[in-house]
file coords39.txt (compact mmCIF, C-alpha atoms)
# COMPACT_ATOMS: atom_id res chain seq x y z
CA MET A 1 -17.90 -17.91 -0.27
CA LEU A 2 -14.12 -17.89 -0.37
CA HIS A 3 -13.11 -17.93 -4.02
CA PRO A 4 -11.99 -21.44 -5.07
CA GLN A 5 -8.72 -20.04 -6.40
CA ALA A 6 -8.03 -18.39 -3.04
CA ARG A 7 -8.94 -21.64 -1.28
CA ALA A 8 -6.55 -23.55 -3.54
CA LEU A 9 -3.77 -21.08 -2.75
CA LEU A 10 -4.32 -21.44 1.00
CA ASP A 11 -4.39 -25.25 0.67
CA PHE A 12 -1.14 -25.15 -1.31
CA ILE A 13 0.55 -23.03 1.37
CA GLU A 14 -0.58 -25.46 4.08
CA ALA A 15 0.41 -28.56 2.11
CA ARG A 16 3.88 -27.17 1.44
CA GLY A 17 4.39 -26.32 5.11
CA ILE A 18 5.25 -22.72 4.27
CA PRO A 19 6.07 -21.02 7.58
CA PRO A 20 3.84 -18.18 8.79
CA THR A 21 5.51 -14.78 8.73
CA HIS A 22 5.26 -14.34 12.50
CA THR A 23 7.47 -17.42 13.06
CA LEU A 24 10.39 -15.88 11.13
CA SER A 25 12.93 -13.21 11.97
CA PRO A 26 12.38 -9.94 10.09
CA ALA A 27 15.42 -10.65 7.88
CA ASP A 28 14.18 -14.14 7.02
CA ALA A 29 10.61 -12.92 6.51
CA ARG A 30 11.84 -10.30 4.05
CA ALA A 31 13.88 -12.82 2.07
CA PHE A 32 11.02 -15.31 2.06
CA TYR A 33 8.51 -12.72 0.84
CA ARG A 34 10.87 -11.60 -1.91
CA ASP A 35 11.70 -15.14 -3.04
CA ARG A 36 8.15 -16.52 -3.12
CA ARG A 37 6.55 -13.66 -5.05
CA THR A 38 7.11 -15.35 -8.42
CA ALA A 39 4.79 -18.20 -7.43
CA THR A 40 1.75 -15.91 -7.46
CA GLN A 41 2.69 -12.83 -9.48
CA PRO A 42 2.49 -12.52 -13.28
CA LEU A 43 5.62 -12.00 -15.34
CA PRO A 44 6.81 -8.37 -15.27
CA ALA A 45 5.14 -6.33 -18.00
CA GLU A 46 7.32 -4.38 -20.37
CA VAL A 47 7.37 -0.64 -19.71
CA ALA A 48 9.07 2.24 -21.47
CA GLU A 49 11.56 2.93 -18.69
CA VAL A 50 12.59 1.75 -15.23
CA ARG A 51 15.08 3.84 -13.33
CA ASP A 52 16.40 3.49 -9.77
CA LEU A 53 16.91 6.84 -8.08
CA ALA A 54 17.50 8.28 -4.61
CA ALA A 55 15.17 10.81 -3.02
CA ASP A 56 16.39 13.28 -0.44
CA GLY A 57 14.99 12.79 3.05
CA PRO A 58 15.61 14.27 6.49
CA HIS A 59 17.19 11.00 7.63
CA GLY A 60 19.25 10.30 4.51
CA THR A 61 18.51 9.23 0.97
CA ILE A 62 15.46 7.08 0.22
CA PRO A 63 15.66 4.56 -2.65
CA VAL A 64 12.88 5.03 -5.21
CA ARG A 65 12.12 3.44 -8.56
CA LEU A 66 10.61 5.37 -11.47
CA TYR A 67 8.45 3.63 -14.08
CA ARG A 68 7.27 5.20 -17.33
CA PRO A 69 4.50 3.38 -19.21
CA LEU A 70 4.62 1.97 -22.71
CA GLY A 71 3.67 4.52 -25.31
CA SER A 72 4.57 7.52 -23.19
CA GLY A 73 6.00 10.41 -25.12
CA ALA A 74 8.42 13.07 -24.06
CA GLY A 75 5.81 15.22 -22.35
CA PRO A 76 5.31 15.32 -18.57
CA LEU A 77 3.27 12.43 -17.18
CA PRO A 78 0.91 12.28 -14.22
CA VAL A 79 2.49 10.29 -11.43
CA LEU A 80 1.45 7.83 -8.75
CA VAL A 81 3.75 7.69 -5.72
CA TYR A 82 3.41 4.11 -4.47
CA TYR A 83 4.23 2.69 -1.03
CA HIS A 84 4.50 -1.09 -0.85
CA GLY A 85 2.75 -3.30 1.69
CA GLY A 86 4.31 -5.71 4.16
CA GLY A 87 3.35 -4.56 7.63
CA TRP A 88 6.10 -1.91 7.74
CA VAL A 89 8.49 -4.87 8.25
CA ILE A 90 8.75 -6.74 4.92
CA GLY A 91 8.44 -5.83 1.25
CA ASP A 92 10.60 -3.71 -1.03
CA LEU A 93 10.87 -2.32 -4.55
CA ASP A 94 11.17 -5.82 -6.02
CA THR A 95 8.18 -7.39 -4.27
CA HIS A 96 5.89 -4.80 -5.86
CA ASP A 97 7.70 -4.33 -9.16
CA VAL A 98 5.10 -6.25 -11.19
CA LEU A 99 2.18 -4.31 -9.70
CA CYS A 100 3.85 -0.95 -10.31
CA ARG A 101 4.47 -1.89 -13.96
CA GLU A 102 0.82 -2.92 -14.36
CA LEU A 103 -0.46 0.30 -12.81
CA ALA A 104 1.84 2.44 -14.97
CA ASN A 105 0.72 0.81 -18.21
CA GLY A 106 -2.93 0.54 -17.20
CA ALA A 107 -3.28 4.14 -16.02
CA GLY A 108 -0.93 5.68 -18.57
CA CYS A 109 1.01 7.35 -15.77
CA ALA A 110 4.45 7.28 -14.25
CA VAL A 111 4.85 5.41 -10.98
CA VAL A 112 7.47 6.21 -8.35
CA ALA A 113 7.80 3.34 -5.85
CA VAL A 114 9.23 4.26 -2.46
CA ASP A 115 11.56 1.99 -0.44
CA TYR A 116 10.90 3.53 2.97
CA ARG A 117 12.79 2.45 6.10
CA MET A 118 11.53 -0.71 7.77
CA ALA A 119 10.78 -1.82 11.32
CA PRO A 120 12.03 -3.01 13.73
CA GLU A 121 15.30 -1.31 12.79
CA HIS A 122 13.37 1.92 12.18
CA ARG A 123 10.13 2.13 14.12
CA PHE A 124 7.14 4.47 13.90
CA PRO A 125 7.07 7.14 12.54
CA ALA A 126 10.09 6.39 10.31
CA ALA A 127 8.02 4.88 7.48
CA PHE A 128 5.67 7.86 7.49
CA ASP A 129 8.57 10.33 7.57
CA ASP A 130 10.18 8.67 4.53
CA ALA A 131 6.90 8.35 2.63
CA LEU A 132 6.16 12.05 3.06
CA ALA A 133 9.72 13.11 2.28
CA ALA A 134 9.87 11.00 -0.88
CA THR A 135 6.53 12.40 -2.06
CA ARG A 136 7.72 15.95 -1.50
CA TRP A 137 10.89 15.08 -3.46
CA VAL A 138 8.83 13.80 -6.39
CA ARG A 139 6.86 17.04 -6.38
CA ARG A 140 10.06 19.12 -6.18
CA GLU A 141 11.91 17.19 -8.90
CA ALA A 142 8.92 16.65 -11.17
CA ALA A 143 10.15 18.81 -14.04
CA THR A 144 13.55 17.11 -14.07
CA LEU A 145 11.92 13.68 -14.02
CA GLY A 146 9.43 14.46 -16.79
CA LEU A 147 6.45 14.43 -14.42
CA ASP A 148 3.41 16.67 -14.04
CA ALA A 149 3.45 17.86 -10.44
CA SER A 150 -0.13 19.12 -10.72
CA ARG A 151 -1.34 15.53 -11.28
CA LEU A 152 0.21 13.60 -8.41
CA ALA A 153 -1.52 10.69 -6.66
CA VAL A 154 -0.52 8.56 -3.71
CA GLY A 155 -1.26 4.88 -3.28
CA GLY A 156 -0.31 1.68 -1.57
CA ASP A 157 -1.48 -1.66 -0.28
CA SER A 158 -1.93 -2.69 3.37
CA ALA A 159 0.82 -0.86 5.29
CA GLY A 160 1.41 1.12 2.11
CA GLY A 161 -2.28 2.03 2.00
CA ASN A 162 -1.88 3.33 5.52
CA LEU A 163 1.07 5.47 4.41
CA ALA A 164 -0.84 6.81 1.41
CA ALA A 165 -3.74 7.85 3.63
CA VAL A 166 -1.54 9.61 6.18
CA VAL A 167 0.56 11.35 3.51
CA ALA A 168 -2.67 12.73 2.03
CA ILE A 169 -3.72 14.02 5.45
CA ALA A 170 -0.28 15.52 6.13
CA ALA A 171 -0.27 17.27 2.75
CA ARG A 172 -3.69 18.78 3.44
CA ASP A 173 -2.71 19.89 6.94
CA ALA A 174 0.42 21.60 5.62
CA GLY A 175 -1.73 23.81 3.39
CA ASN A 176 -0.18 26.02 0.75
CA ALA A 177 3.05 26.18 2.69
CA GLY A 178 3.45 22.45 2.19
CA GLU A 179 3.27 22.77 -1.62
CA LEU A 180 2.09 19.18 -2.04
CA PRO A 181 -1.25 19.06 -3.86
CA ILE A 182 -2.49 15.47 -4.17
CA ALA A 183 -5.05 14.62 -6.83
CA PHE A 184 -6.07 11.10 -5.74
CA GLN A 185 -5.46 8.38 -3.15
CA LEU A 186 -5.42 4.68 -4.04
CA LEU A 187 -5.96 2.71 -0.83
CA ILE A 188 -5.72 -1.08 -1.27
CA TYR A 189 -6.86 -2.92 1.88
CA PRO A 190 -5.37 -0.16 4.01
CA ALA A 191 -4.55 -0.46 7.71
CA THR A 192 -6.37 2.50 9.23
CA ASP A 193 -6.79 1.69 12.94
CA MET A 194 -3.86 0.22 14.84
CA ARG A 195 -6.08 -0.69 17.78
CA ARG A 196 -7.30 -3.74 15.76
CA VAL A 197 -10.75 -3.65 17.33
CA HIS A 198 -13.02 -4.09 14.30
CA PRO A 199 -15.05 -7.33 14.04
CA SER A 200 -13.21 -8.63 10.96
CA HIS A 201 -10.07 -8.99 13.07
CA GLN A 202 -11.93 -11.73 14.92
CA SER A 203 -13.91 -13.30 12.08
CA ASN A 204 -10.94 -13.36 9.67
CA GLY A 205 -8.12 -13.64 12.17
CA GLN A 206 -7.22 -17.26 11.39
CA GLY A 207 -7.04 -19.32 8.24
CA TYR A 208 -6.83 -16.64 5.56
CA LEU A 209 -3.09 -15.97 5.13
CA LEU A 210 -2.90 -12.78 7.22
CA THR A 211 -3.58 -13.98 10.76
CA SER A 212 -3.98 -12.24 14.09
CA ASP A 213 -0.54 -13.54 15.09
CA THR A 214 1.06 -12.01 12.02
CA MET A 215 -0.82 -8.76 12.57
CA SER A 216 0.57 -8.60 16.10
CA TYR A 217 4.06 -9.39 14.77
CA PHE A 218 3.91 -6.46 12.36
CA HIS A 219 2.31 -4.11 14.88
CA ASP A 220 4.78 -4.86 17.65
CA HIS A 221 7.79 -4.43 15.38
CA TYR A 222 6.51 -1.07 14.14
CA ILE A 223 4.87 0.45 17.23
CA THR A 224 6.91 1.01 20.39
CA ASP A 225 4.41 2.84 22.59
CA PRO A 226 0.71 1.93 23.00
CA ALA A 227 -0.07 5.64 22.74
CA HIS A 228 1.10 5.51 19.13
CA ASP A 229 -1.99 3.47 18.26
CA LEU A 230 -3.99 6.66 18.78
CA ASP A 231 -1.66 8.82 16.66
CA TRP A 232 -3.30 9.60 13.31
CA ARG A 233 0.03 8.97 11.57
CA ALA A 234 -0.45 5.33 12.58
CA SER A 235 -4.27 5.26 12.62
CA PRO A 236 -5.65 7.71 10.04
CA LEU A 237 -9.21 6.66 10.89
CA LEU A 238 -8.72 8.40 14.25
CA HIS A 239 -7.83 11.81 12.79
CA PRO A 240 -10.42 14.28 14.12
CA ASP A 241 -10.90 15.96 10.73
CA LEU A 242 -11.01 13.93 7.52
CA SER A 243 -12.55 16.69 5.40
CA LYS A 244 -11.02 18.28 2.29
CA LEU A 245 -9.00 15.20 1.31
CA PRO A 246 -8.34 13.99 -2.24
CA PRO A 247 -10.77 11.64 -3.97
CA ALA A 248 -10.12 8.03 -3.03
CA LEU A 249 -10.60 4.47 -4.18
CA VAL A 250 -10.68 2.08 -1.21
CA ILE A 251 -10.44 -1.65 -1.96
CA THR A 252 -10.89 -4.38 0.64
CA ALA A 253 -11.15 -8.17 0.66
CA GLY A 254 -13.97 -10.11 2.30
CA TYR A 255 -11.70 -12.58 4.10
CA ASP A 256 -9.23 -9.99 5.37
CA PRO A 257 -8.77 -8.94 9.01
CA LEU A 258 -8.43 -5.36 7.71
CA ARG A 259 -11.76 -5.41 5.85
CA ASP A 260 -13.85 -3.52 8.39
CA GLU A 261 -11.36 -0.76 9.12
CA GLY A 262 -10.93 -0.19 5.38
CA ALA A 263 -14.70 0.08 4.98
CA ALA A 264 -14.87 2.37 8.01
CA TYR A 265 -12.25 4.65 6.48
CA ALA A 266 -14.16 4.86 3.19
CA ASP A 267 -17.32 5.70 5.13
CA ALA A 268 -15.48 8.33 7.16
CA LEU A 269 -14.09 9.95 4.01
CA THR A 270 -17.57 10.09 2.48
CA ALA A 271 -19.17 11.37 5.69
CA ALA A 272 -16.58 14.17 5.78
CA GLY A 273 -17.64 15.32 2.32
CA ASN A 274 -14.96 13.69 0.17
CA ARG A 275 -15.49 11.60 -2.96
CA ALA A 276 -14.65 8.02 -2.02
CA VAL A 277 -15.38 4.88 -4.03
CA TYR A 278 -15.47 1.67 -1.99
CA VAL A 279 -15.19 -1.83 -3.49
CA CYS A 280 -14.95 -5.04 -1.47
CA PHE A 281 -13.82 -8.17 -3.27
CA GLU A 282 -15.95 -10.35 -1.05
CA ARG A 283 -14.35 -13.69 -1.99
CA GLN A 284 -10.71 -12.68 -1.61
CA ILE A 285 -7.98 -12.68 1.03
CA HIS A 286 -5.56 -10.03 2.18
CA GLY A 287 -2.72 -9.43 -0.23
CA PHE A 288 -4.56 -10.72 -3.29
CA VAL A 289 -4.10 -7.77 -5.65
CA PRO A 290 -0.55 -8.57 -6.92
CA MET A 291 -1.38 -12.29 -7.29
CA GLY A 292 -2.73 -12.23 -10.84
CA LYS A 293 -0.88 -15.40 -11.81
CA VAL A 294 -3.17 -17.52 -9.63
CA LEU A 295 -6.17 -15.27 -8.79
CA ASP A 296 -8.30 -13.99 -11.66
CA GLU A 297 -9.97 -11.36 -9.48
CA ALA A 298 -6.55 -9.83 -8.80
CA ASN A 299 -6.33 -8.81 -12.45
CA THR A 300 -9.81 -7.30 -12.22
CA ALA A 301 -8.73 -5.31 -9.16
CA VAL A 302 -5.59 -4.00 -10.89
CA ALA A 303 -7.67 -2.94 -13.88
CA LEU A 304 -10.08 -1.15 -11.55
CA CYS A 305 -7.23 0.68 -9.82
CA ALA A 306 -5.69 1.71 -13.13
CA GLY A 307 -9.02 2.90 -14.51
CA GLU A 308 -9.78 5.02 -11.46
CA LEU A 309 -6.28 6.51 -11.59
CA ARG A 310 -6.67 7.35 -15.28
CA ARG A 311 -10.04 8.97 -14.62
CA ALA A 312 -8.71 10.99 -11.66
CA PHE A 313 -5.74 12.28 -13.65
CA ALA A 314 -8.03 13.29 -16.52
CA ALA A 315 -10.14 15.31 -14.11
CA ALA A 316 -7.19 16.94 -12.32

call {"tool": "encode", "arguments": {"input": "coords39.txt", "output": "structure tokens"}}
result
Amino acid sequence: MLHPQARALLDFIEARGIPPTHTLSPADARAFYRDRRTATQPLPAEVAEVRDLAADGPHGTIPVRLYRPLGSGAGPLPVLVYYHGGGWVIGDLDTHDVLCRELANGAGCAVVAVDYRMAPEHRFPAAFDDALAATRWVRREAATLGLDASRLAVGGDSAGGNLAAVVAIAARDAGNAGELPIAFQLLIYPATDMRRVHPSHQSNGQGYLLTSDTMSYFHDHYITDPAHDLDWRASPLLHPDLSKLPPALVITAGYDPLRDEGAAYADALTAAGNRAVYVCFERQIHGFVPMGKVLDEANTAVALCAGELRRAFAAA
């Protein structure tokens, strides 16, 4: 069943006549996403430090935000590099501020959130280029930032989960020359196959917040050439070799169009010999994890993510 709290949220959205994302311009969709986050997200948790910085990238500086958890001492901390969701079109450092604070405190790690370039102004592979460049910058500047470069994880939700997966693959493919060892990947309802052919795209394509129309809106703003759907930097599930990748936690939602491709990616990671934990929150919708103000299972999911991060860093 759809969780009653999720049903109530969907009914509220319908009753208020809140416009679907695909009916808005990218600028309006971004503002709307940013402004409405307080309706569903908890109050920001206190952390030891929040600092806005700029990472060096091949296409200019990339805004990033560093969080240090409560109780952290002066010693170097393990770090999660986090890429926000929003279909590569919407979302920013503020829309995911609460989640990053929760993950930092829960996992006892630093979090560096990445404000990568957005489509349609900057199309594929701009988001991937920035995500990889920012992660390399974190690794390079770790000592200066009080971070432990040997315990570096990547993570993200939805489009950000896609970016985390492809950064992990790119780091592996670069080998020792790339100097980017990744200890863990946190993949929250990740987009892994831009072809959108899995059955959940049909069964969950209408009525559960993220619709087929909105998926097409995001896809068409980000992807310019149909051939890009087959590029592993857009569709990590299609990479011919998924072996020797970092341990992963893959979370999906039962009423999410992306459910099946997330499950397929977890299966592919396991089949290739990696350690991958897969958890589907069967009663939830896409985008539920930051919504702990109105969805109890969101808080459970955040705690799960933080616990798996803490365990991975302890083992690294």

call {"tool": "atom_distance", "arguments": {"input": "coords39.txt", "atom1": "atom CA of Gly91 of chain A", "atom2": "atom CA of Glu179 of chain A"}}
result
29.2 Å

call {"tool": "atom_distance", "arguments": {"input": "coords39.txt", "atom1": "atom CA of His84 of chain A", "atom2": "atom CA of Gly160 of chain A"}}
result
4.8 Å

call {"tool": "closest_residue", "arguments": {"input": "coords39.txt", "among": "A:Leu238, A:Cys280, A:Ala134, A:Leu309", "to": "Ala268 of chain A", "atoms": "only C-alpha atoms"}}
result
A:Leu238

call {"tool": "residues_around", "arguments": {"input": "coords39.txt", "residues": "Leu230 of chain A", "least_positions_apart": "2", "cutoff": "12 Å", "atoms": "all atoms listed in the file", "output": "PDB file with C-alpha atoms, in the coordinates of the input"}}
result
ATOM      1  CA  THR A 192      -6.370   2.500   9.230  1.00  0.00           C
ATOM      2  CA  ASP A 193      -6.790   1.690  12.940  1.00  0.00           C
ATOM      3  CA  MET A 194      -3.860   0.220  14.840  1.00  0.00           C
ATOM      4  CA  ARG A 195      -6.080  -0.690  17.780  1.00  0.00           C
ATOM      5  CA  ARG A 196      -7.300  -3.740  15.760  1.00  0.00           C
ATOM      6  CA  ILE A 223       4.870   0.450  17.230  1.00  0.00           C
ATOM      7  CA  ASP A 225       4.410   2.840  22.590  1.00  0.00           C
ATOM      8  CA  PRO A 226       0.710   1.930  23.000  1.00  0.00           C
ATOM      9  CA  ALA A 227      -0.070   5.640  22.740  1.00  0.00           C
ATOM     10  CA  HIS A 228       1.100   5.510  19.130  1.00  0.00           C
ATOM     11  CA  TRP A 232      -3.300   9.600  13.310  1.00  0.00           C
ATOM     12  CA  ARG A 233       0.030   8.970  11.570  1.00  0.00           C
ATOM     13  CA  ALA A 234      -0.450   5.330  12.580  1.00  0.00           C
ATOM     14  CA  SER A 235      -4.270   5.260  12.620  1.00  0.00           C
ATOM     15  CA  PRO A 236      -5.650   7.710  10.040  1.00  0.00           C
ATOM     16  CA  LEU A 237      -9.210   6.660  10.890  1.00  0.00           C
ATOM     17  CA  LEU A 238      -8.720   8.400  14.250  1.00  0.00           C
ATOM     18  CA  HIS A 239      -7.830  11.810  12.790  1.00  0.00           C
ATOM     19  CA  PRO A 240     -10.420  14.280  14.120  1.00  0.00           C
TER      20      PRO A 240
END

call {"tool": "closest_residue", "arguments": {"input": "coords39.txt", "among": "A:Leu258, A:Ala314, A:Val111, A:Ala119", "to": "Leu99 of chain A", "atoms": "only C-alpha atoms"}}
result
A:Val111

call {"tool": "build_atoms", "arguments": {"input": "coords39.txt", "residues": "segment 44-56 of chain A", "atoms": "N, CA and C atoms", "output": "PDB file, in the coordinates of the input"}}
result
ATOM      1  N   PRO A  44       6.763  -9.834 -15.210  1.00  0.00           N
ATOM      2  CA  PRO A  44       6.810  -8.370 -15.270  1.00  0.00           C
ATOM      3  C   PRO A  44       6.445  -7.854 -16.669  1.00  0.00           C
ATOM      4  N   ALA A  45       5.528  -6.921 -16.727  1.00  0.00           N
ATOM      5  CA  ALA A  45       5.140  -6.330 -18.000  1.00  0.00           C
ATOM      6  C   ALA A  45       6.245  -5.394 -18.494  1.00  0.00           C
ATOM      7  N   GLU A  46       6.377  -5.311 -19.794  1.00  0.00           N
ATOM      8  CA  GLU A  46       7.320  -4.380 -20.370  1.00  0.00           C
ATOM      9  C   GLU A  46       6.806  -2.955 -20.195  1.00  0.00           C
ATOM     10  N   VAL A  47       7.697  -2.060 -19.807  1.00  0.00           N
ATOM     11  CA  VAL A  47       7.370  -0.640 -19.710  1.00  0.00           C
ATOM     12  C   VAL A  47       8.402   0.145 -20.499  1.00  0.00           C
ATOM     13  N   ALA A  48       8.159   1.431 -20.662  1.00  0.00           N
ATOM     14  CA  ALA A  48       9.070   2.240 -21.470  1.00  0.00           C
ATOM     15  C   ALA A  48      10.393   2.494 -20.758  1.00  0.00           C
ATOM     16  N   GLU A  49      10.343   2.623 -19.440  1.00  0.00           N
ATOM     17  CA  GLU A  49      11.560   2.930 -18.690  1.00  0.00           C
ATOM     18  C   GLU A  49      11.409   2.516 -17.244  1.00  0.00           C
ATOM     19  N   VAL A  50      12.484   1.999 -16.671  1.00  0.00           N
ATOM     20  CA  VAL A  50      12.590   1.750 -15.230  1.00  0.00           C
ATOM     21  C   VAL A  50      13.915   2.329 -14.781  1.00  0.00           C
ATOM     22  N   ARG A  51      13.856   3.188 -13.775  1.00  0.00           N
ATOM     23  CA  ARG A  51      15.080   3.840 -13.330  1.00  0.00           C
ATOM     24  C   ARG A  51      15.123   3.890 -11.813  1.00  0.00           C
ATOM     25  N   ASP A  52      16.206   3.403 -11.222  1.00  0.00           N
ATOM     26  CA  ASP A  52      16.400   3.490  -9.770  1.00  0.00           C
ATOM     27  C   ASP A  52      17.060   4.821  -9.429  1.00  0.00           C
ATOM     28  N   LEU A  53      16.453   5.513  -8.460  1.00  0.00           N
ATOM     29  CA  LEU A  53      16.910   6.840  -8.080  1.00  0.00           C
ATOM     30  C   LEU A  53      17.000   6.923  -6.561  1.00  0.00           C
ATOM     31  N   ALA A  54      17.426   8.058  -6.052  1.00  0.00           N
ATOM     32  CA  ALA A  54      17.500   8.280  -4.610  1.00  0.00           C
ATOM     33  C   ALA A  54      16.860   9.627  -4.297  1.00  0.00           C
ATOM     34  N   ALA A  55      15.834   9.580  -3.455  1.00  0.00           N
ATOM     35  CA  ALA A  55      15.170  10.810  -3.020  1.00  0.00           C
ATOM     36  C   ALA A  55      15.843  11.344  -1.772  1.00  0.00           C
ATOM     37  N   ASP A  56      15.845  12.650  -1.642  1.00  0.00           N
ATOM     38  CA  ASP A  56      16.390  13.280  -0.440  1.00  0.00           C
ATOM     39  C   ASP A  56      15.372  13.197   0.684  1.00  0.00           C
TER      40      ASP A  56
END
